[in-house]
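File shown here: run.cif, holding mmCIF, C-alpha atoms.
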```
data_model
#
loop_
_atom_site.label_atom_id
_atom_site.label_comp_id
_atom_site.auth_asym_id
_atom_site.auth_seq_id
_atom_site.Cartn_x
_atom_site.Cartn_y
_atom_site.Cartn_z
CA MET A 1 -11.27 13.71 -25.53
CA LYS A 2 -13.40 15.60 -23.05
CA ARG A 3 -11.68 17.47 -20.27
CA ILE A 4 -10.22 15.09 -17.75
CA PHE A 5 -11.75 14.88 -14.25
CA PRO A 6 -10.88 18.08 -12.37
CA LEU A 7 -7.68 17.52 -10.44
CA ALA A 8 -8.85 19.90 -7.70
CA VAL A 9 -11.23 17.23 -6.36
CA LEU A 10 -8.48 14.68 -5.92
CA PRO A 11 -6.80 16.05 -2.77
CA GLY A 12 -10.15 15.79 -0.95
CA LEU A 13 -10.59 12.23 -2.15
CA LEU A 14 -7.07 11.40 -1.09
CA LEU A 15 -7.57 12.77 2.43
CA ALA A 16 -10.74 10.74 2.84
CA ALA A 17 -9.11 7.64 1.46
CA GLY A 18 -6.05 8.26 3.57
CA GLN A 19 -8.11 7.94 6.72
CA ALA A 20 -9.37 4.57 5.57
CA GLN A 21 -6.07 3.33 4.24
CA ALA A 22 -3.57 4.54 6.82
CA ASP A 23 -2.45 0.96 7.42
CA THR A 24 -1.45 0.07 3.89
CA GLY A 25 1.62 -2.07 3.88
CA LYS A 26 4.51 -1.52 1.48
CA LEU A 27 8.00 -1.31 2.95
CA LEU A 28 9.49 2.19 2.99
CA LEU A 29 10.42 3.65 -0.42
CA THR A 30 9.51 0.44 -2.26
CA GLY A 31 6.75 2.21 -4.14
CA GLY A 32 9.23 4.56 -5.75
CA VAL A 33 8.44 8.24 -6.11
CA SER A 34 6.09 9.95 -8.59
CA SER A 35 7.65 10.62 -11.96
CA ILE A 36 6.78 13.81 -13.81
CA THR A 37 4.11 11.98 -15.82
CA GLY A 38 2.48 10.55 -12.69
CA ALA A 39 3.70 6.96 -12.94
CA ALA A 40 5.57 5.51 -9.97
CA GLY A 41 9.28 5.12 -10.38
CA GLY A 42 12.09 7.62 -10.46
CA GLY A 43 11.61 11.30 -11.12
CA LEU A 44 12.08 11.14 -14.87
CA THR A 45 11.15 7.58 -15.74
CA PRO A 46 8.61 4.95 -14.68
CA TRP A 47 9.66 1.77 -12.90
CA ALA A 48 8.02 -1.65 -12.71
CA VAL A 49 6.97 -1.00 -9.09
CA ILE A 50 3.29 -0.26 -8.51
CA GLY A 51 2.95 3.04 -6.71
CA THR A 52 1.28 4.10 -3.44
CA ASN A 53 1.69 2.26 -0.14
CA ALA A 54 -0.78 -0.46 -1.00
CA THR A 55 0.51 -3.99 -1.12
CA GLU A 56 -1.43 -7.10 -2.17
CA ASP A 57 -5.14 -7.09 -1.28
CA GLU A 58 -4.99 -3.33 -0.67
CA THR A 59 -5.88 -0.09 -2.42
CA GLY A 60 -3.60 2.89 -2.04
CA PHE A 61 -3.48 6.52 -3.08
CA SER A 62 -0.72 8.98 -3.68
CA SER A 63 -0.36 12.50 -4.91
CA TYR A 64 2.60 14.66 -5.73
CA LEU A 65 3.77 18.14 -6.53
CA THR A 66 6.92 18.74 -8.52
CA ARG A 67 8.79 21.77 -9.74
CA VAL A 68 11.61 21.79 -12.25
CA ALA A 69 13.48 24.95 -13.15
CA THR A 70 16.34 25.41 -15.60
CA GLN A 71 18.01 28.39 -17.25
CA ASP A 72 15.15 29.25 -19.58
CA TYR A 73 12.20 27.10 -18.58
CA SER A 74 10.24 26.03 -15.56
CA LEU A 75 7.73 23.25 -15.17
CA ASN A 76 5.21 22.51 -12.48
CA SER A 77 3.70 19.07 -12.34
CA TYR A 78 1.12 17.57 -10.04
CA GLY A 79 -1.01 14.51 -10.00
CA ALA A 80 -2.40 11.53 -8.20
CA ALA A 81 -2.32 7.78 -8.49
CA ILE A 82 -4.23 4.74 -7.30
CA GLY A 83 -2.54 1.42 -6.57
CA LEU A 84 -4.66 -1.72 -6.69
CA ASN A 85 -3.53 -5.01 -5.13
CA ASP A 86 0.11 -4.16 -5.96
CA ARG A 87 -0.84 -5.19 -9.48
CA VAL A 88 -2.42 -2.18 -11.22
CA GLU A 89 -1.55 1.50 -11.08
CA LEU A 90 -3.71 4.27 -12.50
CA SER A 91 -2.45 7.83 -12.55
CA LEU A 92 -3.47 11.28 -13.64
CA ALA A 93 -0.98 14.09 -13.97
CA ARG A 94 -0.68 17.59 -15.31
CA GLN A 95 2.43 19.33 -16.51
CA ASP A 96 2.48 23.11 -16.82
CA LEU A 97 5.47 24.42 -18.73
CA ASP A 98 6.36 28.09 -18.79
CA ALA A 99 7.38 28.33 -22.43
CA SER A 100 8.17 32.07 -22.45
CA PRO A 101 11.30 31.66 -24.64
CA THR A 102 9.04 30.60 -27.54
CA LEU A 103 7.97 34.23 -27.95
CA ALA A 104 11.11 34.62 -30.06
CA LEU A 105 9.50 32.37 -32.69
CA ASN A 106 7.35 35.35 -33.66
CA GLY A 107 10.56 36.63 -35.27
CA VAL A 108 10.71 33.55 -37.49
CA ALA A 109 7.17 33.83 -38.80
CA ALA A 110 3.87 35.44 -37.81
CA PHE A 111 2.95 32.74 -35.31
CA GLY A 112 1.09 35.13 -33.02
CA ILE A 113 2.58 33.67 -29.87
CA THR A 114 1.44 35.38 -26.68
CA PRO A 115 4.09 36.56 -24.18
CA GLY A 116 4.46 34.22 -21.21
CA GLN A 117 2.72 31.36 -23.01
CA HIS A 118 2.33 28.16 -20.98
CA VAL A 119 2.01 24.70 -22.44
CA GLN A 120 -0.15 22.34 -20.43
CA MET A 121 -0.21 18.60 -20.80
CA ASP A 122 -2.44 16.03 -19.11
CA VAL A 123 -1.26 12.46 -18.76
CA LEU A 124 -3.50 9.50 -18.06
CA GLY A 125 -1.38 6.54 -17.04
CA ALA A 126 -2.00 2.86 -16.53
CA LYS A 127 0.53 0.26 -15.45
CA LEU A 128 0.19 -3.50 -14.99
CA LYS A 129 2.66 -5.65 -13.07
CA LEU A 130 3.25 -8.82 -15.06
CA ALA A 131 5.66 -10.80 -12.91
CA GLY A 132 8.25 -10.77 -10.18
CA ASP A 133 8.81 -8.97 -6.92
CA ALA A 134 11.47 -6.27 -7.06
CA VAL A 135 12.21 -6.53 -3.32
CA LEU A 136 11.61 -10.05 -2.04
CA ASP A 137 12.96 -12.29 -4.83
CA SER A 138 16.44 -11.81 -3.46
CA ASP A 139 17.52 -15.35 -4.29
CA SER A 140 17.23 -14.92 -8.03
CA TRP A 141 18.01 -12.46 -10.78
CA MET A 142 14.33 -12.34 -11.76
CA PRO A 143 13.24 -8.69 -11.81
CA GLN A 144 9.79 -7.23 -11.40
CA ILE A 145 8.30 -6.63 -14.84
CA ALA A 146 5.50 -4.24 -15.72
CA VAL A 147 3.97 -2.76 -18.84
CA GLY A 148 2.35 0.61 -18.98
CA LEU A 149 0.95 3.31 -21.14
CA GLU A 150 0.73 7.08 -20.88
CA TYR A 151 -1.99 8.83 -22.85
CA LYS A 152 -0.91 12.43 -23.22
CA GLN A 153 -2.95 15.41 -24.36
CA VAL A 154 -1.22 18.73 -24.80
CA ARG A 155 -2.74 22.22 -24.90
CA PRO A 156 -0.22 24.68 -26.35
CA GLY A 157 -2.36 27.82 -26.31
CA SER A 158 -1.07 30.34 -28.81
CA LEU A 159 1.70 27.91 -29.74
CA GLN A 160 -0.92 25.91 -31.66
CA SER A 161 0.17 27.84 -34.74
CA VAL A 162 3.69 26.46 -34.30
CA PHE A 163 2.30 22.97 -33.73
CA ASP A 164 0.31 23.28 -36.97
CA PHE A 165 3.36 24.53 -38.83
CA LEU A 166 5.40 21.56 -37.60
CA GLY A 167 2.56 19.14 -38.24
CA VAL A 168 2.77 17.77 -34.70
CA ARG A 169 -0.33 16.28 -33.12
CA ASN A 170 -1.82 17.37 -29.81
CA SER A 171 -2.09 13.91 -28.33
CA GLY A 172 -0.25 10.63 -28.30
CA THR A 173 0.26 7.50 -26.27
CA ASP A 174 3.56 6.19 -24.99
CA VAL A 175 3.75 2.47 -24.31
CA TYR A 176 6.53 1.03 -22.17
CA VAL A 177 7.89 -2.03 -20.43
CA SER A 178 9.96 -1.69 -17.27
CA VAL A 179 12.11 -4.16 -15.38
CA THR A 180 13.11 -3.30 -11.82
CA LYS A 181 15.33 -5.19 -9.42
CA LEU A 182 16.44 -4.37 -5.89
CA LEU A 183 19.72 -6.16 -5.16
CA LEU A 184 18.63 -6.41 -1.53
CA ASP A 185 21.92 -7.58 -0.04
CA LYS A 186 23.63 -4.57 -1.62
CA GLY A 187 20.82 -2.03 -1.19
CA LEU A 188 21.03 -1.20 -4.90
CA LEU A 189 17.98 -0.75 -7.14
CA LEU A 190 18.29 -0.98 -10.90
CA ASN A 191 15.65 -0.17 -13.49
CA ALA A 192 15.48 -0.31 -17.25
CA THR A 193 12.51 0.99 -19.22
CA LEU A 194 11.91 0.61 -22.93
CA ARG A 195 9.42 3.12 -24.30
CA SER A 196 7.65 3.26 -27.65
CA THR A 197 6.95 6.90 -28.35
CA ASN A 198 6.69 9.66 -30.92
CA ALA A 199 6.51 12.43 -28.33
CA ASN A 200 8.64 15.53 -28.74
CA GLN A 201 10.12 16.72 -25.45
CA ASN A 202 7.96 14.23 -23.56
CA GLY A 203 4.91 15.56 -25.49
CA LEU A 204 5.28 19.23 -24.59
CA LEU A 205 6.17 19.89 -28.23
CA GLY A 206 3.47 17.63 -29.55
CA PHE A 207 3.67 14.23 -31.18
CA GLY A 208 5.20 13.21 -34.50
CA GLY A 209 5.64 15.93 -37.11
CA ASN A 210 5.72 16.67 -40.83
CA SER A 211 8.38 15.08 -42.98
CA PRO A 212 11.35 15.08 -42.69
CA ALA A 213 10.49 14.83 -39.00
CA ASN A 214 10.26 11.31 -37.73
CA SER A 215 6.54 10.91 -37.27
CA SER A 216 6.48 7.25 -36.41
CA ARG A 217 7.22 5.66 -33.06
CA SER A 218 10.69 4.76 -31.95
CA LEU A 219 12.01 2.72 -29.05
CA GLN A 220 13.75 4.77 -26.38
CA SER A 221 15.65 3.27 -23.46
CA GLU A 222 15.66 4.73 -19.96
CA PHE A 223 17.78 3.70 -16.98
CA SER A 224 17.77 4.35 -13.26
CA ALA A 225 19.99 3.28 -10.41
CA ALA A 226 19.33 4.05 -6.75
CA TYR A 227 21.48 3.24 -3.76
CA LEU A 228 19.95 3.06 -0.27
CA LEU A 229 22.14 4.85 2.22
CA ARG A 230 19.60 4.25 4.97
CA ARG A 231 16.17 2.74 5.01
CA ASN A 232 14.66 6.17 4.37
CA LEU A 233 17.35 7.76 2.22
CA ALA A 234 18.39 6.94 -1.34
CA ILE A 235 20.67 8.54 -3.88
CA GLY A 236 20.63 7.75 -7.53
CA ALA A 237 20.84 8.70 -11.17
CA GLU A 238 18.60 8.47 -14.21
CA TYR A 239 19.21 8.60 -17.93
CA ARG A 240 16.40 8.90 -20.41
CA ASN A 241 16.94 8.73 -24.15
CA LYS A 242 14.68 10.89 -26.35
CA PRO A 243 13.65 10.55 -29.97
CA ASN A 244 14.86 13.93 -31.32
CA ASN A 245 12.13 13.73 -33.97
CA LEU A 246 12.03 17.37 -34.97
CA GLU A 247 15.64 18.35 -35.62
CA ALA A 248 15.51 17.29 -39.27
CA LEU A 249 12.29 19.25 -39.77
CA GLY A 250 13.82 22.34 -38.22
CA ALA A 251 16.89 22.05 -40.44
CA SER A 252 14.79 21.77 -43.60
CA ALA A 253 12.86 24.88 -42.50
CA GLY A 254 16.09 26.85 -42.21
CA LEU A 255 16.28 26.66 -38.42
CA ALA A 256 19.54 24.65 -38.42
CA ASP A 257 19.52 22.57 -35.20
CA GLY A 258 16.98 24.87 -33.56
CA LEU A 259 14.58 22.00 -32.79
CA HIS A 260 17.21 19.59 -31.50
CA GLU A 261 16.24 17.46 -28.51
CA ASP A 262 18.62 15.80 -26.04
CA SER A 263 18.44 12.97 -23.56
CA TRP A 264 17.43 13.80 -20.00
CA LYS A 265 19.60 12.98 -17.02
CA ASP A 266 19.50 13.55 -13.31
CA LEU A 267 21.24 12.89 -10.03
CA PHE A 268 18.83 12.66 -7.13
CA VAL A 269 18.44 12.19 -3.42
CA ALA A 270 15.15 10.88 -2.04
CA TRP A 271 14.20 11.06 1.62
CA ALA A 272 11.16 9.53 3.29
CA PRO A 273 10.78 11.07 6.76
CA ASN A 274 7.85 8.71 7.35
CA LYS A 275 5.76 6.14 5.51
CA ASN A 276 3.41 8.73 4.06
CA LEU A 277 5.77 11.41 2.84
CA SER A 278 8.76 11.48 0.54
CA LEU A 279 10.82 14.38 -0.76
CA THR A 280 13.10 14.24 -3.77
CA LEU A 281 15.71 16.78 -4.77
CA ALA A 282 17.59 16.37 -8.02
CA TYR A 283 20.03 18.10 -10.28
CA VAL A 284 18.62 17.75 -13.78
CA ASP A 285 20.29 18.08 -17.14
CA LEU A 286 17.58 18.29 -19.78
CA GLY A 287 19.99 19.19 -22.56
CA GLN A 288 18.85 21.60 -25.21
CA ILE A 289 15.16 22.49 -25.38
CA LEU A 290 14.34 24.51 -28.50
CA PRO A 291 17.97 25.63 -28.78
CA GLY A 292 16.87 27.95 -31.59
CA VAL A 293 15.26 30.32 -29.08
CA THR A 294 17.57 29.71 -26.14
CA ALA A 295 20.91 30.39 -27.85
CA GLY A 296 21.68 26.68 -27.62
CA ARG A 297 21.91 26.80 -23.83
CA LYS A 298 21.91 23.47 -22.05
CA GLN A 299 18.99 23.38 -19.66
CA THR A 300 20.28 22.37 -16.25
CA GLY A 301 18.77 23.08 -12.88
CA TYR A 302 16.88 21.64 -9.98
CA TYR A 303 13.99 19.24 -9.56
CA LEU A 304 12.07 19.30 -6.30
CA SER A 305 9.20 16.96 -5.57
CA GLY A 306 7.01 16.00 -2.64
CA GLN A 307 4.80 12.95 -2.57
CA VAL A 308 2.10 11.97 -0.09
CA ALA A 309 1.16 8.30 -0.18
CA PHE A 310 -1.21 6.02 1.65
CA MET B 1 10.86 -11.17 -23.17
CA LYS B 2 9.20 -12.67 -20.09
CA LEU B 3 10.20 -16.24 -21.12
CA LEU B 4 13.76 -15.12 -21.73
CA LEU B 5 13.93 -13.46 -18.34
CA ILE B 6 12.48 -16.50 -16.56
CA THR B 7 14.96 -18.82 -18.30
CA LEU B 8 17.80 -16.48 -17.47
CA SER B 9 16.70 -16.24 -13.86
CA LEU B 10 16.49 -20.04 -13.54
CA LEU B 11 20.02 -20.36 -14.89
CA LEU B 12 21.34 -17.61 -12.67
CA SER B 13 19.34 -18.30 -9.50
CA SER B 14 21.40 -21.43 -8.84
CA LEU B 15 24.48 -19.26 -9.21
CA ALA B 16 23.03 -16.61 -6.90
CA SER B 17 21.90 -19.05 -4.23
CA ALA B 18 25.26 -20.80 -4.38
CA GLN B 19 26.86 -17.43 -3.81
CA ALA B 20 24.48 -16.67 -0.95
CA GLN B 21 25.28 -20.03 0.62
CA SER B 22 28.99 -19.38 0.44
CA MET B 23 28.52 -15.87 1.84
CA ALA B 24 26.59 -17.30 4.76
CA GLY B 25 29.13 -20.08 4.97
CA THR B 26 31.99 -17.75 5.81
CA GLY B 27 30.10 -16.80 8.97
CA SER B 28 30.74 -13.10 8.56
CA LEU B 29 27.05 -12.27 8.90
CA TYR B 30 26.83 -14.56 11.95
CA ARG B 31 29.60 -12.55 13.55
CA ALA B 32 28.03 -9.22 12.50
CA LEU B 33 24.81 -10.26 14.27
CA GLY B 34 26.77 -10.86 17.47
CA GLU B 35 26.95 -14.65 17.18
CA ASN B 36 24.71 -16.74 19.42
CA ALA B 37 24.38 -14.18 22.17
CA GLY B 38 23.61 -11.35 19.77
CA ILE B 39 21.11 -13.39 17.78
CA THR B 40 19.37 -14.48 20.98
CA ARG B 41 19.05 -10.84 22.11
CA LEU B 42 17.85 -9.87 18.64
CA MET B 43 15.16 -12.55 18.47
CA ASP B 44 14.09 -11.67 22.01
CA ASP B 45 13.49 -8.05 20.95
CA PHE B 46 11.95 -9.10 17.62
CA VAL B 47 9.40 -11.54 19.04
CA ASN B 48 8.43 -9.07 21.78
CA ARG B 49 7.68 -6.49 19.07
CA VAL B 50 5.78 -8.94 16.93
CA ILE B 51 3.39 -10.10 19.65
CA ARG B 52 2.67 -6.43 20.51
CA ASP B 53 2.22 -5.40 16.85
CA GLU B 54 -1.53 -4.99 16.39
CA ARG B 55 -1.21 -5.62 12.67
CA ILE B 56 -0.06 -9.22 13.18
CA SER B 57 -0.39 -10.12 16.86
CA GLY B 58 -3.55 -12.09 16.07
CA HIS B 59 -1.42 -14.77 14.40
CA PHE B 60 0.62 -15.26 17.58
CA LYS B 61 -2.15 -15.66 20.16
CA LYS B 62 -1.43 -19.36 20.59
CA THR B 63 2.33 -19.05 20.33
CA LYS B 64 4.59 -19.57 23.30
CA PRO B 65 7.00 -16.64 22.91
CA GLN B 66 10.09 -18.35 24.36
CA LEU B 67 9.65 -21.37 22.09
CA LEU B 68 9.40 -19.07 19.09
CA LYS B 69 12.47 -17.10 20.19
CA ASP B 70 14.51 -20.30 20.58
CA SER B 71 13.35 -21.63 17.21
CA LEU B 72 14.11 -18.38 15.41
CA SER B 73 17.50 -18.04 17.06
CA ALA B 74 18.49 -21.49 15.81
CA GLN B 75 17.28 -20.69 12.29
CA ILE B 76 19.01 -17.31 12.08
CA CYS B 77 22.18 -18.83 13.51
CA GLN B 78 22.22 -21.47 10.79
CA LEU B 79 21.17 -19.15 7.95
CA SER B 80 23.81 -16.55 8.82
CA GLY B 81 26.57 -19.15 8.71
CA GLY B 82 26.77 -20.03 12.39
CA PRO B 83 27.40 -23.45 13.91
CA CYS B 84 23.75 -24.36 14.45
CA GLN B 85 21.46 -26.92 12.97
CA TYR B 86 17.81 -25.98 12.84
CA LYS B 87 15.65 -29.07 13.22
CA GLY B 88 12.18 -27.53 13.43
CA PRO B 89 9.38 -27.44 10.86
CA ASP B 90 10.01 -25.84 7.47
CA MET B 91 8.50 -22.42 6.69
CA LYS B 92 5.67 -23.82 4.63
CA SER B 93 4.48 -26.27 7.32
CA ALA B 94 4.96 -23.75 10.09
CA HIS B 95 2.67 -21.24 8.35
CA ALA B 96 0.20 -23.56 6.67
CA ASP B 97 -3.46 -22.50 6.92
CA MET B 98 -2.56 -19.17 8.51
CA ASP B 99 -3.57 -17.16 5.42
CA ILE B 100 -0.73 -14.67 5.87
CA ARG B 101 -1.24 -11.48 3.89
CA LYS B 102 1.54 -9.55 2.16
CA SER B 103 0.87 -6.57 4.41
CA GLU B 104 1.36 -8.84 7.44
CA PHE B 105 4.60 -10.22 6.02
CA ASN B 106 5.83 -6.66 5.46
CA ALA B 107 4.78 -5.70 9.00
CA LEU B 108 6.91 -8.53 10.33
CA VAL B 109 9.84 -7.32 8.23
CA GLU B 110 9.42 -3.84 9.71
CA ASP B 111 9.46 -5.32 13.23
CA LEU B 112 12.67 -7.18 12.40
CA GLN B 113 14.19 -3.99 10.98
CA ALA B 114 13.22 -2.11 14.16
CA ALA B 115 14.75 -4.83 16.32
CA MET B 116 17.96 -4.76 14.28
CA ASP B 117 18.05 -0.96 14.58
CA THR B 118 17.76 -1.24 18.35
CA LYS B 119 20.56 -3.78 18.48
CA GLY B 120 22.82 -1.50 16.45
CA ILE B 121 23.16 -3.78 13.43
CA SER B 122 24.43 -1.79 10.46
CA PHE B 123 22.09 -1.07 7.55
CA ALA B 124 24.33 -3.11 5.23
CA ASP B 125 24.27 -6.14 7.54
CA GLN B 126 20.52 -5.77 7.99
CA ASN B 127 20.07 -5.98 4.24
CA ARG B 128 22.32 -9.05 4.06
CA LEU B 129 20.10 -10.83 6.57
CA LEU B 130 16.91 -9.67 4.87
CA ALA B 131 18.26 -10.90 1.52
CA ILE B 132 18.55 -14.39 3.03
CA LEU B 133 15.10 -14.28 4.63
CA ALA B 134 13.10 -12.50 1.92
CA PRO B 135 12.62 -15.53 -0.40
CA MET B 136 10.74 -17.23 2.42
CA HIS B 137 7.77 -15.07 1.55
CA ARG B 138 6.76 -17.71 -0.97
CA ASP B 139 6.48 -20.45 1.67
CA VAL B 140 5.11 -18.20 4.41
CA MET B 141 2.31 -16.91 2.18
CA ALA B 142 1.77 -20.15 0.25
CA LYS B 143 -1.82 -20.78 -0.72
CA ASP B 144 -2.57 -24.41 -1.52
#
```
Mind turning this structure into structure tokens?
Amino acid sequence: MKRIFPLAVLPGLLLAAGQAQADTGKLLLTGGVSSITGAAGGGLTPWAVIGTNATEDETGFSSYLTRVATQDYSLNSYGAAIGLNDRVELSLARQDLDASPTLALNGVAAFGITPGQHVQMDVLGAKLKLAGDAVLDSDSWMPQIAVGLEYKQVRPGSLQSVFDFLGVRNSGTDVYVSVTKLLLDKGLLLNATLRSTNANQNGLLGFGGNSPANSSRSLQSEFSAAYLLRRNLAIGAEYRNKPNNLEALGASAGLADGLHEDSWKDLFVAWAPNKNLSLTLAYVDLGQILPGVTAGRKQTGYYLSGQVAF
Amino acid sequence: MKLLLITLSLLLSSLASAQAQSMAGTGSLYRALGENAGITRLMDDFVNRVIRDERISGHFKKTKPQLLKDSLSAQICQLSGGPCQYKGPDMKSAHADMDIRKSEFNALVEDLQAAMDTKGISFADQNRLLAILAPMHRDVMAKD
């Protein structure tokens, strides 16, 4: 697929659009924040809400910048999204992972990995609201329901040799359904997402893999809960199950559990000082990421994200 | 999945609305809003904001503010479990042919939230009132 539209142009577009759309009309925080793949929702998982500040009959824009840092890895992510009529969401995001620990794989075989190698991944997202209103249907249990997909393309640089060895592909598409409900009288938001995926570590370690890796898709469940302390302040938690496709392959290649993959979890606080800006700070637990080269250390650390939305 | 959820919601919505009725019925929200006097002050502030709110003031050009304040006070009193009986038009009739947009509905909600903030109503009580009012969006924005 040819190189995706340069992200550098988007901030300019957003500023211009922002002038025109300053009066878009969602209630505060009801568009969620930007997840690390660009879809609106929590930090780690998409929700059924359509992002940006646009409500029905409106078009909105948002962009975000996120940094995650754990013991051995750090990830920068940035992107932008368009919300149409509170029905359709289109997003574009880039993840840039500092995969320096993978240099140690040169000791396993002559992979030719460059020191300080980064893995970049682009995500093109689309989400469609099917039914419900997460906020206003407070007299029923009916949630807001949306389906979405994330087309991911990963560029591993000198790690391509490792990708080839593992038989993982450089692109893949996650498909998901999300149900989101704000229990308005309690100020409690609940989300469940079911994702069909064969991505390894969200795609940063490619898609699928050679046997005995699990190359086919599996269904992974993801959950979020957020409690509104004030209109502009929420705390919450997320839990995202992951396929752990590659562990068996690693074991058969003599790497024991070196390719094991864990679920992702976080505890977050989100603050919206005004309608156009939100900041999210989280403690993340990403479990083991390539434990073979990180002495099995659990990757925990911070997640910091800022989103501008019109 | 969608059919299952709709069926489930139909079964449970009667439960939920029954619960909401009983919650309102205890009158605790009515008391939290300051009973008749508090609700009157709240609607006074709310309507004043609404008719000054450029996003929606166009819909209120022909409205007599005091009549609207009295009508809303009676409705909120009843809905929050107070000893009132609202006898005015239902939401659908009251808003027929006004072509209310979602953004305008949300603007009105923001004005109500601002009024409740000014009157010192707790965030939890605000959400309890909003939870009772929110379903009206279907009648307020009804397109026939």
With all atoms listed in the file as the basis for distance, which of B:Val50, B:Ser28, B:Lys92, B:Thr40 is at the shortest distance from Ala114 in chain B?
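That would be B:Val50, the residue with the smallest distance to Ala114 in chain B.
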Smallest atom-to-atom distance to Thr37 in chain A: which of A:Ala99, A:Met121, A:Ala110, A:Ser74, using all atoms listed in the file?
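With all atoms listed in the file as the atom set, the closest residue is A:Met121.
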Restricting the calculation to only C-alpha atoms: of B:Glu110, B:Ala32, B:Lys64, B:Ser71, which residue gets closest to Met91 in chain B?
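Comparing B:Glu110, B:Ala32, B:Lys64, B:Ser71 against Met91 in chain B, the winner is B:Ser71.
Here is the contact set of chain A against chain B, at 6 Å and counting only C-alpha atoms: Gly25, Glu56, Leu136, Asp137, Ser138, Asp139, Ser140, Trp141, Met142, Leu184 and Asp185 of chain A.
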In Å, rounded to a single decimal, give me how far CA of Arg94 in chain A is from CA of Tyr151 in chain A.
11.6 Å
Quick one: residues within 10 Å of Leu159 in chain A, only C-alpha atoms, excluding same-chain residues fewer than 2 positions away - as a short mmCIF file (atom, residue, chain, number, x, y, z; two decimals) with C-alpha atoms, keeping the file's coordinate frame?
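Listing of selection_34.cif after writing:
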```cif
data_model
loop_
_atom_site.label_atom_id
_atom_site.label_comp_id
_atom_site.auth_asym_id
_atom_site.auth_seq_id
_atom_site.Cartn_x
_atom_site.Cartn_y
_atom_site.Cartn_z
CA ALA A 99 7.38 28.33 -22.43
CA THR A 102 9.04 30.60 -27.54
CA LEU A 103 7.97 34.23 -27.95
CA LEU A 105 9.50 32.37 -32.69
CA PHE A 111 2.95 32.74 -35.31
CA GLY A 112 1.09 35.13 -33.02
CA ILE A 113 2.58 33.67 -29.87
CA THR A 114 1.44 35.38 -26.68
CA GLN A 117 2.72 31.36 -23.01
CA HIS A 118 2.33 28.16 -20.98
CA VAL A 119 2.01 24.70 -22.44
CA ARG A 155 -2.74 22.22 -24.90
CA PRO A 156 -0.22 24.68 -26.35
CA GLY A 157 -2.36 27.82 -26.31
CA SER A 161 0.17 27.84 -34.74
CA VAL A 162 3.69 26.46 -34.30
CA PHE A 163 2.30 22.97 -33.73
CA ASP A 164 0.31 23.28 -36.97
CA PHE A 165 3.36 24.53 -38.83
CA LEU A 205 6.17 19.89 -28.23
#
```
Range 220-232 of chain A surroundings by all atoms listed in the file, 6 Å radius, close-in-sequence under 6 positions cut, as an NGL selection string
:A and (187-195 or 238-241 or 271-272)
Next, write the just-selected residues to a file, as a JSON list (two decimals), in the frame of the given file, keeping C-alpha atoms as the atom set.
```
[["chain", "number", "residue", "atom", "x", "y", "z"],
["A", 187, "GLY", "CA", 20.82, -2.03, -1.19],
["A", 188, "LEU", "CA", 21.03, -1.20, -4.90],
["A", 189, "LEU", "CA", 17.98, -0.75, -7.14],
["A", 190, "LEU", "CA", 18.29, -0.98, -10.90],
["A", 191, "ASN", "CA", 15.65, -0.17, -13.49],
["A", 192, "ALA", "CA", 15.48, -0.31, -17.25],
["A", 193, "THR", "CA", 12.51, 0.99, -19.22],
["A", 194, "LEU", "CA", 11.91, 0.61, -22.93],
["A", 195, "ARG", "CA", 9.42, 3.12, -24.30],
["A", 238, "GLU", "CA", 18.60, 8.47, -14.21],
["A", 239, "TYR", "CA", 19.21, 8.60, -17.93],
["A", 240, "ARG", "CA", 16.40, 8.90, -20.41],
["A", 241, "ASN", "CA", 16.94, 8.73, -24.15],
["A", 271, "TRP", "CA", 14.20, 11.06, 1.62],
["A", 272, "ALA", "CA", 11.16, 9.53, 3.29]]
```
Can you list what the PyMOL selection byres ((chain A and resi 197) around 7) grabs from this structure, as a PyMOL selection string?
chain A and resi 174-175+195-196+198-199+217-219
Where atoms are lacking, range 285-291 of chain A completed to N, CA and C atoms, as a JSON list (two decimals), keeping the file's coordinate frame:
```json
[["chain", "number", "residue", "atom", "x", "y", "z"],
["A", 285, "ASP", "N", 19.67, 17.59, -15.92],
["A", 285, "ASP", "CA", 20.29, 18.08, -17.14],
["A", 285, "ASP", "C", 19.35, 17.67, -18.27],
["A", 286, "LEU", "N", 18.56, 18.60, -18.76],
["A", 286, "LEU", "CA", 17.58, 18.29, -19.78],
["A", 286, "LEU", "C", 18.10, 18.59, -21.18],
["A", 287, "GLY", "N", 19.39, 18.91, -21.25],
["A", 287, "GLY", "CA", 19.99, 19.19, -22.56],
["A", 287, "GLY", "C", 19.36, 20.41, -23.20],
["A", 288, "GLN", "N", 19.42, 20.46, -24.51],
["A", 288, "GLN", "CA", 18.85, 21.60, -25.21],
["A", 288, "GLN", "C", 17.34, 21.42, -25.40],
["A", 289, "ILE", "N", 16.59, 22.48, -25.13],
["A", 289, "ILE", "CA", 15.16, 22.49, -25.38],
["A", 289, "ILE", "C", 14.88, 23.70, -26.26],
["A", 290, "LEU", "N", 14.48, 23.44, -27.51],
["A", 290, "LEU", "CA", 14.34, 24.51, -28.50],
["A", 290, "LEU", "C", 15.58, 25.41, -28.50],
["A", 291, "PRO", "N", 16.75, 24.82, -28.81],
["A", 291, "PRO", "CA", 17.97, 25.63, -28.78],
["A", 291, "PRO", "C", 17.89, 26.87, -29.66]]
```
